[in-house]
>>> print(open('work_24.txt').read())   # compact mmCIF, C-alpha atoms
# COMPACT_ATOMS: atom_id res chain seq x y z
CA MET A 1203 4.18 0.57 -8.49
CA LEU A 1204 4.53 -2.47 -10.76
CA ARG A 1205 1.34 -1.64 -12.63
CA PHE A 1206 2.98 1.46 -14.03
CA LEU A 1207 5.87 -0.59 -15.42
CA LEU A 1208 3.68 -3.37 -16.67
CA LEU A 1209 1.46 -1.03 -18.64
CA ILE A 1210 4.37 0.24 -20.71
CA PHE A 1211 6.40 -2.86 -21.30
CA VAL A 1212 6.01 -6.15 -23.09
CA SER A 1213 6.73 -9.43 -21.38
CA LEU A 1214 9.82 -11.50 -22.10
CA SER A 1215 9.75 -13.53 -22.60
CA ILE A 1216 10.68 -34.88 -21.95
CA GLY A 1217 9.68 -38.56 -22.11
CA SER A 1218 9.41 -40.85 -25.05
CA LEU A 1219 12.42 -39.77 -27.13
CA THR A 1220 15.84 -41.24 -26.44
CA ALA A 1221 18.97 -39.18 -25.88
CA CYS A 1222 20.16 -40.09 -29.40
CA ASP A 1223 16.85 -38.98 -30.88
CA LEU A 1224 17.17 -35.66 -29.13
CA LEU A 1225 20.77 -35.15 -30.20
CA THR A 1226 19.87 -35.85 -33.80
CA ARG A 1227 17.03 -33.42 -33.62
CA GLN A 1228 19.18 -30.70 -32.01
CA ARG A 1229 22.04 -31.06 -34.48
CA SER A 1230 19.93 -31.19 -37.61
CA ASN A 1231 20.05 -28.32 -40.06
CA LEU A 1232 16.31 -28.18 -40.46
CA PRO A 1233 14.94 -24.75 -39.60
CA SER A 1234 12.77 -24.51 -36.51
CA PRO A 1235 9.16 -23.57 -37.14
CA ALA A 1236 8.33 -19.98 -36.26
CA PRO A 1237 6.72 -19.79 -32.81
CA THR A 1238 3.09 -18.88 -32.58
CA ILE A 1239 2.61 -15.43 -31.11
CA VAL A 1240 0.42 -15.71 -28.04
CA PRO A 1241 -0.76 -12.66 -26.06
CA THR A 1242 1.08 -12.47 -22.76
CA PRO A 1243 -1.18 -12.46 -19.70
CA ASP A 1244 -1.16 -9.40 -17.51
CA HIS A 1245 0.50 -10.57 -14.29
CA SER A 1246 0.53 -7.15 -12.63
CA ALA A 1247 -1.95 -8.06 -9.89
CA ILE A 1248 -0.01 -11.18 -8.92
CA LEU A 1249 3.33 -9.39 -9.03
CA ASP A 1250 2.06 -6.55 -6.85
CA GLU A 1251 0.40 -8.85 -4.35
CA SER A 1252 3.30 -11.29 -4.13
CA TRP A 1253 5.90 -8.56 -3.56
CA ILE A 1254 3.86 -7.17 -0.66
CA ALA A 1255 3.39 -10.66 0.78
CA TYR A 1256 7.07 -11.48 0.36
CA ARG A 1257 8.15 -8.25 2.01
CA GLN A 1258 5.92 -8.92 5.01
CA ARG A 1259 6.80 -12.60 5.38
CA PHE A 1260 10.48 -12.81 4.45
CA ILE A 1261 12.03 -9.37 5.09
CA GLN A 1262 12.50 -8.28 8.69
CA SER A 1263 12.00 -4.67 9.68
CA ASP A 1264 15.80 -4.24 9.74
CA GLY A 1265 16.22 -5.53 6.17
CA ARG A 1266 17.31 -9.11 6.87
CA VAL A 1267 15.83 -11.64 4.44
CA ILE A 1268 14.92 -14.89 6.19
CA ASP A 1269 15.01 -18.35 4.63
CA TRP A 1270 12.32 -20.08 6.67
CA GLU A 1271 13.01 -23.47 5.11
CA ALA A 1272 16.67 -23.41 6.22
CA THR A 1273 16.73 -22.72 9.98
CA GLY A 1274 15.94 -19.06 9.51
CA ARG A 1275 19.32 -18.32 8.00
CA SER A 1276 20.12 -15.47 5.63
CA THR A 1277 22.20 -15.55 2.47
CA SER A 1278 23.78 -13.00 0.20
CA GLU A 1279 21.60 -14.46 -2.55
CA GLY A 1280 18.45 -13.64 -0.59
CA GLN A 1281 19.59 -10.12 0.16
CA ALA A 1282 20.46 -9.51 -3.50
CA TYR A 1283 17.16 -10.93 -4.77
CA ALA A 1284 15.27 -8.60 -2.42
CA MET A 1285 17.23 -5.59 -3.66
CA LEU A 1286 16.60 -6.49 -7.29
CA ARG A 1287 12.90 -6.98 -6.65
CA ALA A 1288 12.67 -3.75 -4.67
CA VAL A 1289 14.14 -1.59 -7.41
CA ILE A 1290 11.86 -3.14 -10.03
CA ALA A 1291 8.87 -2.67 -7.69
CA ASN A 1292 9.89 0.96 -7.08
CA ASP A 1293 10.27 0.36 -3.34
CA PRO A 1294 13.27 2.48 -2.29
CA GLU A 1295 12.65 1.97 1.43
CA SER A 1296 12.87 -1.83 1.25
CA PHE A 1297 15.91 -1.51 -1.01
CA ALA A 1298 17.73 0.76 1.44
CA LEU A 1299 16.93 -1.44 4.46
CA THR A 1300 18.04 -4.64 2.75
CA LEU A 1301 21.25 -3.04 1.52
CA LYS A 1302 22.04 -1.57 4.94
CA TRP A 1303 21.59 -4.89 6.73
CA SER A 1304 23.80 -6.65 4.20
CA GLU A 1305 26.56 -4.07 4.39
CA ASN A 1306 26.50 -4.18 8.19
CA ASN A 1307 26.32 -7.94 8.67
CA LEU A 1308 27.88 -9.68 5.65
CA GLN A 1309 31.27 -7.94 5.60
CA ARG A 1310 34.12 -10.32 4.89
CA LEU A 1311 36.67 -9.73 7.64
CA SER A 1312 40.22 -10.91 8.17
CA ALA A 1313 41.46 -12.52 11.37
CA ASP A 1314 42.28 -9.07 12.76
CA GLN A 1315 38.76 -7.86 11.87
CA LYS A 1316 39.75 -5.75 8.88
CA ARG A 1317 37.46 -5.74 5.87
CA LEU A 1318 38.86 -7.86 3.05
CA ASP A 1319 36.80 -6.38 0.21
CA GLN A 1320 33.38 -4.99 -0.70
CA LEU A 1321 31.84 -8.42 -1.39
CA TRP A 1322 29.40 -10.22 0.90
CA ALA A 1323 29.88 -13.42 2.89
CA TRP A 1324 27.31 -15.79 1.51
CA LEU A 1325 25.96 -17.40 4.71
CA TRP A 1326 24.77 -15.86 7.99
CA GLY A 1327 22.97 -17.79 10.71
CA LEU A 1328 22.98 -19.40 14.13
CA ASP A 1329 26.29 -20.93 15.24
CA PRO A 1330 26.67 -23.86 17.71
CA ALA A 1331 27.09 -21.38 20.55
CA GLY A 1332 23.71 -19.83 19.78
CA LYS A 1333 25.04 -16.62 18.23
CA TRP A 1334 23.88 -15.15 14.94
CA VAL A 1335 27.04 -14.68 12.92
CA ILE A 1336 28.66 -15.25 9.54
CA LEU A 1337 28.88 -19.01 9.11
CA ASP A 1338 30.90 -19.01 5.89
CA ARG A 1339 32.82 -15.92 4.82
CA ASN A 1340 33.29 -17.08 1.22
CA PHE A 1341 31.26 -15.04 -1.23
CA ALA A 1342 28.96 -16.33 -3.96
CA SER A 1343 29.57 -14.38 -7.15
CA ASP A 1344 26.00 -14.71 -8.43
CA ALA A 1345 24.69 -12.89 -5.37
CA ASP A 1346 27.21 -10.09 -5.75
CA ILE A 1347 26.37 -9.83 -9.46
CA ASP A 1348 22.66 -9.51 -8.66
CA ALA A 1349 23.35 -6.97 -5.89
CA ILE A 1350 25.58 -4.85 -8.13
CA THR A 1351 22.98 -5.00 -10.91
CA ALA A 1352 20.36 -3.80 -8.43
CA LEU A 1353 22.63 -0.96 -7.27
CA ILE A 1354 23.18 0.26 -10.84
CA LEU A 1355 19.46 0.16 -11.63
CA ALA A 1356 18.61 1.88 -8.35
CA ALA A 1357 21.18 4.62 -8.96
CA ARG A 1358 19.57 5.33 -12.31
CA ARG A 1359 15.95 5.00 -11.26
CA TRP A 1360 16.14 7.02 -8.05
CA GLN A 1361 19.08 9.29 -8.91
CA ARG A 1362 21.25 8.00 -6.07
CA PRO A 1363 24.94 8.52 -6.92
CA GLU A 1364 26.07 6.75 -3.75
CA TYR A 1365 24.55 3.51 -5.05
CA LEU A 1366 26.58 3.75 -8.24
CA ALA A 1367 29.76 4.51 -6.27
CA LEU A 1368 29.21 1.40 -4.13
CA ALA A 1369 28.55 -0.70 -7.23
CA GLN A 1370 31.83 0.46 -8.75
CA MET A 1371 33.77 -0.48 -5.62
CA LYS A 1372 32.18 -3.91 -5.61
CA LEU A 1373 32.97 -4.40 -9.30
CA LYS A 1374 36.65 -3.82 -8.67
CA ASP A 1375 36.71 -6.55 -6.03
CA LEU A 1376 34.51 -8.97 -7.95
CA TRP A 1377 36.87 -8.75 -10.91
CA ALA A 1378 39.96 -9.20 -8.73
CA HIS A 1379 38.71 -12.07 -6.59
CA SER A 1380 36.29 -14.00 -8.80
CA THR A 1381 37.56 -13.88 -12.39
CA VAL A 1382 40.53 -15.67 -13.91
CA THR A 1383 42.37 -15.53 -17.22
CA ILE A 1384 42.65 -18.80 -19.13
CA GLY A 1385 44.58 -18.44 -22.35
CA SER A 1386 43.28 -15.24 -23.88
CA ASP A 1387 39.86 -15.42 -22.20
CA ARG A 1388 38.55 -14.18 -18.87
CA TYR A 1389 36.12 -16.38 -16.93
CA LEU A 1390 33.82 -15.91 -13.96
CA LEU A 1391 34.24 -18.26 -11.01
CA PRO A 1392 31.40 -19.05 -8.57
CA GLY A 1393 33.31 -17.46 -5.69
CA PRO A 1394 36.85 -16.84 -4.41
CA ILE A 1395 39.59 -18.01 -6.74
CA VAL A 1396 41.26 -19.94 -3.93
CA SER A 1397 38.08 -21.97 -3.36
CA PHE A 1398 37.22 -22.87 -6.95
CA GLN A 1399 40.61 -23.26 -8.59
CA LYS A 1400 42.75 -26.18 -7.50
CA ALA A 1401 45.91 -26.37 -9.63
CA ALA A 1402 44.68 -26.86 -13.20
CA LYS A 1403 41.17 -27.87 -12.17
CA LEU A 1404 38.33 -25.38 -11.82
CA LYS A 1405 34.68 -25.67 -10.87
CA PHE A 1406 32.12 -23.59 -12.71
CA ASN A 1407 28.43 -22.97 -12.11
CA PRO A 1408 26.75 -22.04 -15.42
CA SER A 1409 23.75 -20.48 -13.67
CA TYR A 1410 25.99 -17.74 -12.25
CA LEU A 1411 26.74 -16.42 -15.73
CA ALA A 1412 24.83 -13.19 -16.39
CA PRO A 1413 25.79 -11.66 -19.75
CA TYR A 1414 23.20 -8.89 -19.41
CA ALA A 1415 24.78 -7.83 -16.10
CA PHE A 1416 28.28 -7.82 -17.57
CA ARG A 1417 27.05 -5.39 -20.22
CA LEU A 1418 25.72 -3.09 -17.49
CA PHE A 1419 29.00 -3.38 -15.61
CA ALA A 1420 30.92 -2.34 -18.72
CA GLN A 1421 28.87 0.86 -18.85
CA VAL A 1422 29.95 2.01 -15.38
CA ASP A 1423 33.39 0.42 -14.98
CA ARG A 1424 35.67 1.14 -17.92
CA ASP A 1425 38.81 0.00 -16.12
CA ARG A 1426 37.94 -3.67 -16.57
CA ASN A 1427 36.91 -5.60 -19.66
CA TRP A 1428 33.51 -6.85 -18.53
CA LEU A 1429 32.41 -7.48 -22.11
CA SER A 1430 35.00 -10.24 -22.31
CA LEU A 1431 32.89 -12.13 -19.78
CA VAL A 1432 29.94 -11.98 -22.16
CA ASP A 1433 31.92 -13.95 -24.75
CA SER A 1434 33.37 -16.42 -22.25
CA SER A 1435 29.91 -16.93 -20.74
CA TYR A 1436 28.40 -18.06 -24.03
CA GLN A 1437 31.44 -20.20 -24.70
CA MET A 1438 31.08 -21.87 -21.31
CA LEU A 1439 27.32 -22.30 -21.63
CA GLU A 1440 27.64 -24.02 -25.00
CA ARG A 1441 30.66 -26.19 -24.27
CA SER A 1442 29.69 -27.24 -20.76
CA ALA A 1443 26.29 -28.38 -22.06
CA GLU A 1444 28.13 -30.93 -24.19
CA ILE A 1445 28.71 -33.12 -21.13
CA SER A 1446 24.95 -33.75 -21.19
CA ALA A 1447 23.84 -36.22 -23.85
CA VAL A 1448 20.81 -34.03 -24.52
CA GLY A 1449 22.53 -30.66 -24.21
CA LEU A 1450 21.13 -29.48 -20.88
CA PRO A 1451 22.99 -27.11 -18.56
CA SER A 1452 24.32 -28.61 -15.33
CA ASP A 1453 24.30 -27.29 -11.80
CA TRP A 1454 28.10 -27.63 -11.68
CA VAL A 1455 30.84 -28.61 -14.12
CA ALA A 1456 34.58 -29.21 -13.97
CA PHE A 1457 37.08 -27.52 -16.27
CA ASP A 1458 40.70 -28.47 -16.97
CA ARG A 1459 42.60 -25.32 -17.87
CA LYS A 1460 45.45 -27.36 -19.39
CA THR A 1461 43.30 -29.29 -21.85
CA GLY A 1462 40.45 -26.81 -22.13
CA GLN A 1463 37.96 -29.63 -21.61
CA TYR A 1464 34.78 -29.65 -19.55
CA SER A 1465 33.82 -32.77 -17.62
CA ALA A 1466 31.22 -33.98 -15.15
CA LEU A 1467 31.59 -33.91 -11.37
CA ASP A 1468 30.48 -37.15 -9.79
CA GLU A 1469 28.84 -38.02 -6.48
CA SER A 1470 32.21 -37.98 -4.67
CA ASN A 1471 32.23 -34.19 -4.99
CA SER A 1472 30.32 -31.80 -2.79
CA VAL A 1473 28.60 -30.53 -5.94
CA VAL A 1474 27.32 -32.66 -8.82
CA SER A 1475 26.82 -32.34 -12.59
CA ARG A 1476 23.12 -32.69 -13.31
CA TYR A 1477 20.22 -30.51 -14.34
CA GLY A 1478 18.63 -29.20 -11.16
CA PHE A 1479 17.70 -26.16 -9.12
CA ASP A 1480 20.83 -24.17 -10.01
CA ALA A 1481 20.87 -25.04 -13.70
CA SER A 1482 17.28 -23.94 -14.23
CA ARG A 1483 18.35 -20.33 -13.65
CA VAL A 1484 20.38 -20.48 -16.87
CA TRP A 1485 17.15 -20.15 -18.86
CA TRP A 1486 16.19 -16.92 -17.13
CA ARG A 1487 19.63 -15.29 -17.26
CA VAL A 1488 20.04 -16.07 -20.96
CA ALA A 1489 16.48 -14.93 -21.69
CA LEU A 1490 17.23 -11.56 -20.07
CA ASP A 1491 20.16 -11.04 -22.42
CA ALA A 1492 17.96 -11.96 -25.38
CA VAL A 1493 15.33 -9.38 -24.50
CA TRP A 1494 17.32 -6.63 -22.79
CA PHE A 1495 20.19 -6.53 -25.30
CA LYS A 1496 18.85 -8.46 -28.32
CA GLU A 1497 21.78 -10.90 -28.18
CA PRO A 1498 21.38 -13.45 -31.02
CA ARG A 1499 23.53 -16.01 -29.19
CA ALA A 1500 21.03 -15.97 -26.35
CA LYS A 1501 18.09 -16.83 -28.57
CA ARG A 1502 20.07 -19.52 -30.38
CA TYR A 1503 21.08 -21.06 -27.06
CA LEU A 1504 17.47 -21.20 -25.87
CA GLU A 1505 16.19 -22.60 -29.16
CA LYS A 1506 18.77 -25.38 -29.11
CA HIS A 1507 19.01 -26.33 -25.46
CA LEU A 1508 15.33 -26.08 -24.54
CA GLU A 1509 14.51 -28.89 -26.97
CA PRO A 1510 14.68 -31.65 -24.31
CA MET A 1511 12.40 -29.61 -22.05
CA LYS A 1512 9.99 -29.00 -24.90
CA THR A 1513 9.89 -32.74 -25.61
CA LEU A 1514 9.27 -33.60 -21.96
CA TRP A 1515 6.56 -31.02 -21.64
CA ARG A 1516 4.72 -32.09 -24.77
CA SER A 1517 4.85 -35.76 -23.84
CA GLN A 1518 4.16 -35.52 -20.10
CA GLN A 1519 2.97 -31.98 -19.30
CA LYS A 1520 5.56 -32.12 -16.54
CA ILE A 1521 9.30 -31.52 -16.19
CA PRO A 1522 11.06 -33.34 -13.33
CA ALA A 1523 13.11 -31.15 -10.99
CA GLN A 1524 16.32 -33.13 -11.55
CA LEU A 1525 17.59 -34.85 -14.69
CA ASP A 1526 20.80 -36.80 -15.14
CA LEU A 1527 23.31 -36.29 -17.93
CA GLN A 1528 21.30 -38.62 -20.17
CA GLY A 1529 18.19 -36.50 -19.69
CA LYS A 1530 16.49 -39.11 -17.49
CA PRO A 1531 14.51 -38.10 -14.38
CA LEU A 1532 16.29 -38.45 -11.05
CA VAL A 1533 13.16 -37.56 -9.06
CA ASN A 1534 9.44 -37.89 -9.65
CA TYR A 1535 8.48 -34.36 -8.59
CA ASP A 1536 8.64 -31.06 -10.40
CA ALA A 1537 9.42 -27.56 -9.07
CA THR A 1538 7.46 -24.33 -9.28
CA SER A 1539 10.67 -22.30 -9.17
CA GLN A 1540 11.93 -24.03 -12.30
CA TYR A 1541 8.67 -23.43 -14.14
CA GLY A 1542 9.18 -19.73 -13.44
CA MET A 1543 12.57 -19.83 -15.14
CA LEU A 1544 11.23 -21.90 -18.04
CA TYR A 1545 8.29 -19.53 -18.49
CA ALA A 1546 10.70 -16.62 -19.04
CA ALA A 1547 12.74 -18.60 -21.55
CA PHE A 1548 9.83 -20.01 -23.52
CA GLN A 1549 8.39 -16.50 -23.81
CA VAL A 1550 11.40 -15.84 -26.05
CA VAL A 1551 11.26 -18.93 -28.27
CA ASP A 1552 7.85 -20.60 -27.86
CA PRO A 1553 5.17 -18.42 -26.20
CA THR A 1554 2.57 -21.16 -26.62
CA ILE A 1555 4.44 -23.46 -24.23
CA ALA A 1556 5.08 -20.53 -21.91
CA GLN A 1557 1.35 -19.92 -21.68
CA GLU A 1558 0.68 -23.61 -21.03
CA ILE A 1559 3.25 -23.65 -18.22
CA TYR A 1560 1.63 -20.62 -16.68
CA GLU A 1561 -1.89 -22.01 -16.89
CA LYS A 1562 -1.06 -25.54 -15.74
CA LYS A 1563 1.79 -25.03 -13.26
CA LEU A 1564 2.32 -21.46 -12.13
CA SER A 1565 -1.20 -20.08 -11.78
CA PRO A 1566 -2.73 -23.10 -9.96
CA ARG A 1567 0.10 -23.08 -7.39
CA TYR A 1568 -0.37 -19.44 -6.46
CA GLN A 1569 -2.67 -18.31 -3.68
CA ASN A 1570 -2.86 -15.20 -1.48
CA GLY A 1571 0.55 -13.86 -2.40
CA PHE A 1572 2.56 -17.09 -2.36
CA TRP A 1573 3.52 -19.93 -4.65
CA ASP A 1574 3.38 -23.37 -3.01
CA ASN A 1575 3.54 -22.12 0.60
CA ASP A 1576 4.60 -19.14 2.68
CA SER A 1577 7.95 -20.68 3.65
CA ALA A 1578 9.29 -21.42 0.16
CA TYR A 1579 11.78 -18.54 -0.12
CA TYR A 1580 13.53 -19.74 -3.30
CA THR A 1581 10.27 -20.45 -5.09
CA GLN A 1582 8.84 -16.99 -4.35
CA ASN A 1583 11.84 -15.31 -5.94
CA LEU A 1584 12.25 -17.42 -9.06
CA ALA A 1585 8.55 -17.58 -9.86
CA TRP A 1586 8.32 -13.79 -9.46
CA PHE A 1587 11.34 -13.11 -11.64
CA GLY A 1588 10.07 -15.52 -14.26
CA LEU A 1589 6.66 -13.84 -14.57
CA LEU A 1590 8.04 -10.32 -14.48
CA PRO A 1591 8.24 -8.64 -17.88
CA SER A 1592 11.95 -8.69 -18.52
CA THR A 1593 11.58 -5.38 -20.34
CA ALA A 1594 10.45 -3.73 -17.10
CA VAL A 1595 13.83 -2.13 -16.53
CA LEU A 1596 14.52 -1.03 -20.10
CA PRO A 1597 14.55 2.70 -19.23
CA TYR A 1598 17.48 2.05 -16.89
CA LEU A 1599 19.62 -0.20 -19.07
CA SER A 1600 21.41 2.44 -21.10
CA GLN A 1601 20.27 5.88 -20.06
CA PRO A 1602 23.16 7.64 -18.33
CA SER A 1603 22.06 8.46 -14.81
CA GLN A 1604 22.95 11.68 -13.11
CA ALA A 1605 25.01 9.51 -10.81
CA ALA A 1606 27.05 8.21 -13.74
CA GLN A 1607 27.54 11.72 -15.11
CA ASP A 1608 28.71 12.95 -11.73
CA THR A 1609 31.17 10.08 -11.39
CA GLN A 1610 32.66 10.58 -14.85
CA SER A 1611 32.94 14.36 -14.58
>>> encode(input="work_24.txt", output="structure tokens")
Amino acid sequence: MLRFLLLIFVSLSIGSLTACDLLTRQRSNLPSPAPTIVPTPDHSAILDESWIAYRQRFIQSDGRVIDWEATGRSTSEGQAYAMLRAVIANDPESFALTLKWSENNLQRLSADQKRLDQLWAWLWGLDPAGKWVILDRNFASDADIDAITALILAARRWQRPEYLALAQMKLKDLWAHSTVTIGSDRYLLPGPIVSFQKAAKLKFNPSYLAPYAFRLFAQVDRDRNWLSLVDSSYQMLERSAEISAVGLPSDWVAFDRKTGQYSALDESNSVVSRYGFDASRVWWRVALDAVWFKEPRAKRYLEKHLEPMKTLWRSQQKIPAQLDLQGKPLVNYDATSQYGMLYAAFQVVDPTIAQEIYEKKLSPRYQNGFWDNDSAYYTQNLAWFGLLPSTAVLPYLSQPSQAAQDTQS
């Protein structure tokens, strides 16, 4: 399955300096040296093996994806990741099972048990009474974005018009319930408007921004201006990084719609502004836009904002899993999942470092189908996505599927 894709595509692809040193370096007008072109390793064997292992360990026979490190719960994120992996791995059976379980169990219902929309409640698990139910009916927009992306790709790859029709219904609701207009711009929220907009204050999660997905959405949903989210995404990514002294993305940021200013969320909030497990996904999502759609803003963002990571790596051969707004480590451990995201990004701007990360961090931590251990759900997904050639879905990015033709006729 994956070997066929991998044969025809090319892979996508701190700490002695002070924050001031890094800022000076980032803002200088000196041109960056051209990256050395390094042959990309063939990861097909690992990608094949790890998908089979993941499917057996984490996906139940009914399509439920289990997070073994979190009381066996399931999340919309997990379901969406499985769908995205299944379509790339050419596994229509796993895709269909995962989708069916999600549609049957993650419906957002009103008090009188009527479906509110086509989006998925983000959290399903064991309640205090010992019943497996929806624990939080709010949706997480990143999961719905990944699920809709998977549906579009699956419709095109397997000629399944019903998948495209479902994606279009979900797009209508995602736009209505998770995007807001501020001035003349449209922005993506992390979930329901009512949950993330309090008066003039909003909370954003930069790692939810997926410009490549918004371009796909624009192809199949012409009633909404999805391309406007591409522009607002790059605006948010650049401006929200300014709250970090070294220009790193944060897990969460605050935004004042009256002043147009971004600011940090402190420890008194349920979510915090720092570079961590959410923020690391920014590298991967931006890298996909750079390779899938040749977006120059994507490459510029990676060249500029990966500088602190490049400095840390070169000085320590290690990147801590959490960094504060000054770029200083908050923990003394690193994370395999984050190296997966960094690998994808450095493949775009510095393949030499990408290869070093693979050889020193990703390859040694992989054994018998798993990175780290067979319970690390998040790690399995992000490491797999990071190593996957981002060009692996190129045939399905712009070719009109039969499903699309049927819908438009």
>>> residues_near_point(input="work_24.txt", point="(29.3, -4.4, -0.1)", cutoff="6 Å", atoms="all atoms listed in the file", output="MDAnalysis selection string")
chainID A and resid 1305 1320:1322
>>> closest_atom_pairs(input="work_24.txt", of="region 1303-1370 of chain A", to="region 1264-1279 of chain A", cutoff="10 Å", atoms="only C-alpha atoms", output="JSON lines")
{"residue": "A:Trp1303", "atom": "CA", "partner": "A:Gly1265", "partner_atom": "CA", "distance": 5.4}
{"residue": "A:Ser1304", "atom": "CA", "partner": "A:Arg1266", "partner_atom": "CA", "distance": 7.4}
{"residue": "A:Asn1307", "atom": "CA", "partner": "A:Arg1266", "partner_atom": "CA", "distance": 9.3}
{"residue": "A:Leu1308", "atom": "CA", "partner": "A:Ser1278", "partner_atom": "CA", "distance": 7.6}
{"residue": "A:Leu1321", "atom": "CA", "partner": "A:Ser1278", "partner_atom": "CA", "distance": 9.4}
{"residue": "A:Trp1322", "atom": "CA", "partner": "A:Ser1278", "partner_atom": "CA", "distance": 6.3}
{"residue": "A:Ala1323", "atom": "CA", "partner": "A:Ser1278", "partner_atom": "CA", "distance": 6.7}
{"residue": "A:Trp1324", "atom": "CA", "partner": "A:Ser1278", "partner_atom": "CA", "distance": 4.7}
{"residue": "A:Leu1325", "atom": "CA", "partner": "A:Thr1277", "partner_atom": "CA", "distance": 4.8}
{"residue": "A:Trp1326", "atom": "CA", "partner": "A:Ser1276", "partner_atom": "CA", "distance": 5.2}
{"residue": "A:Gly1327", "atom": "CA", "partner": "A:Arg1275", "partner_atom": "CA", "distance": 4.6}
{"residue": "A:Leu1328", "atom": "CA", "partner": "A:Arg1275", "partner_atom": "CA", "distance": 7.2}
{"residue": "A:Trp1334", "atom": "CA", "partner": "A:Arg1275", "partner_atom": "CA", "distance": 8.9}
{"residue": "A:Val1335", "atom": "CA", "partner": "A:Arg1275", "partner_atom": "CA", "distance": 9.9}
{"residue": "A:Ile1336", "atom": "CA", "partner": "A:Ser1276", "partner_atom": "CA", "distance": 9.4}
{"residue": "A:Leu1337", "atom": "CA", "partner": "A:Arg1275", "partner_atom": "CA", "distance": 9.6}
{"residue": "A:Asp1338", "atom": "CA", "partner": "A:Thr1277", "partner_atom": "CA", "distance": 10.0}
{"residue": "A:Phe1341", "atom": "CA", "partner": "A:Ser1278", "partner_atom": "CA", "distance": 7.9}
{"residue": "A:Ala1342", "atom": "CA", "partner": "A:Ser1278", "partner_atom": "CA", "distance": 7.4}
{"residue": "A:Ser1343", "atom": "CA", "partner": "A:Glu1279", "partner_atom": "CA", "distance": 9.2}
{"residue": "A:Asp1344", "atom": "CA", "partner": "A:Glu1279", "partner_atom": "CA", "distance": 7.3}
{"residue": "A:Ala1345", "atom": "CA", "partner": "A:Glu1279", "partner_atom": "CA", "distance": 4.5}
{"residue": "A:Asp1346", "atom": "CA", "partner": "A:Ser1278", "partner_atom": "CA", "distance": 7.5}
{"residue": "A:Ile1347", "atom": "CA", "partner": "A:Glu1279", "partner_atom": "CA", "distance": 9.6}
{"residue": "A:Asp1348", "atom": "CA", "partner": "A:Glu1279", "partner_atom": "CA", "distance": 7.9}
{"residue": "A:Ala1349", "atom": "CA", "partner": "A:Glu1279", "partner_atom": "CA", "distance": 8.4}
>>> closest_residue(input="work_24.txt", among="A:Phe1260, A:Leu1353, A:Ile1248, A:Val1473", to="Ser1577 (chain A)", atoms="only C-alpha atoms")
A:Phe1260
>>> closest_atom_pairs(input="work_24.txt", of="region 1424-1478 of chain A", to="region 1510-1533 of chain A", cutoff="7 Å", atoms="only C-alpha atoms", output="tab-separated table")
residue	atom	partner	partner_atom	distance
A:Ser1446	CA	A:Leu1527	CA	4.4
A:Ala1447	CA	A:Gln1528	CA	5.1
A:Val1448	CA	A:Gly1529	CA	6.0
A:Arg1476	CA	A:Asp1526	CA	5.1
A:Tyr1477	CA	A:Leu1525	CA	5.1
A:Gly1478	CA	A:Gln1524	CA	4.6
>>> closest_residue(input="work_24.txt", among="A:Leu1564, A:Ser1409, A:Tyr1579, A:Asp1491", to="Ile1261 (chain A)", atoms="all atoms listed in the file")
A:Tyr1579
>>> residues_around(input="work_24.txt", residues="Leu1390 (chain A)", least_positions_apart="5", cutoff="9 Å", atoms="all atoms listed in the file", output="number ranges by chain")
A: 1343, 1377, 1380-1382, 1406, 1410-1411, 1431, 1434-1435
>>> closest_residue(input="work_24.txt", among="A:Ser1600, A:Ser1246, A:Asn1575, A:Gln1540", to="Gly1588 (chain A)", atoms="all atoms listed in the file")
A:Gln1540
>>> atom_distance(input="work_24.txt", atom1="CA of Trp1360 (chain A)", atom2="CA of Tyr1283 (chain A)")
18.3 Å
>>> residues_around(input="work_24.txt", residues="Lys1374 (chain A)", least_positions_apart="5", cutoff="9 Å", atoms="all atoms listed in the file", output="ChimeraX atom specification")
/A:1320,1369,1379,1423,1425-1426
>>> residues_near_point(input="work_24.txt", point="(25.1, -27.8, -13.4)", cutoff="8 Å", atoms="all atoms listed in the file", output="PDB file with C-alpha atoms, in the coordinates of the input")
ATOM      1  CA  ASN A1407      28.430 -22.970 -12.110  1.00  0.00           C
ATOM      2  CA  PRO A1408      26.750 -22.040 -15.420  1.00  0.00           C
ATOM      3  CA  SER A1409      23.750 -20.480 -13.670  1.00  0.00           C
ATOM      4  CA  PRO A1451      22.990 -27.110 -18.560  1.00  0.00           C
ATOM      5  CA  SER A1452      24.320 -28.610 -15.330  1.00  0.00           C
ATOM      6  CA  ASP A1453      24.300 -27.290 -11.800  1.00  0.00           C
ATOM      7  CA  TRP A1454      28.100 -27.630 -11.680  1.00  0.00           C
ATOM      8  CA  VAL A1455      30.840 -28.610 -14.120  1.00  0.00           C
ATOM      9  CA  VAL A1474      27.320 -32.660  -8.820  1.00  0.00           C
ATOM     10  CA  SER A1475      26.820 -32.340 -12.590  1.00  0.00           C
ATOM     11  CA  ARG A1476      23.120 -32.690 -13.310  1.00  0.00           C
ATOM     12  CA  TYR A1477      20.220 -30.510 -14.340  1.00  0.00           C
ATOM     13  CA  GLY A1478      18.630 -29.200 -11.160  1.00  0.00           C
ATOM     14  CA  ASP A1480      20.830 -24.170 -10.010  1.00  0.00           C
ATOM     15  CA  ALA A1481      20.870 -25.040 -13.700  1.00  0.00           C
TER      16      ALA A1481
END
>>> closest_residue(input="work_24.txt", among="A:Asn1340, A:Gln1557, A:Thr1538, A:Ser1386", to="Ser1312 (chain A)", atoms="only C-alpha atoms")
A:Asn1340
>>> closest_atom_pairs(input="work_24.txt", of="region 1254-1351 of chain A", to="region 1590-1596 of chain A", cutoff="12 Å", atoms="only C-alpha atoms", output="CSV")
residue,atom,partner,partner_atom,distance
A:Leu1286,CA,A:Val1595,CA,10.6
A:Arg1287,CA,A:Leu1590,CA,9.8
A:Val1289,CA,A:Val1595,CA,9.1
A:Ile1290,CA,A:Val1595,CA,6.9
A:Ala1291,CA,A:Ala1594,CA,9.6
A:Asn1292,CA,A:Val1595,CA,10.7
A:Thr1351,CA,A:Val1595,CA,11.1
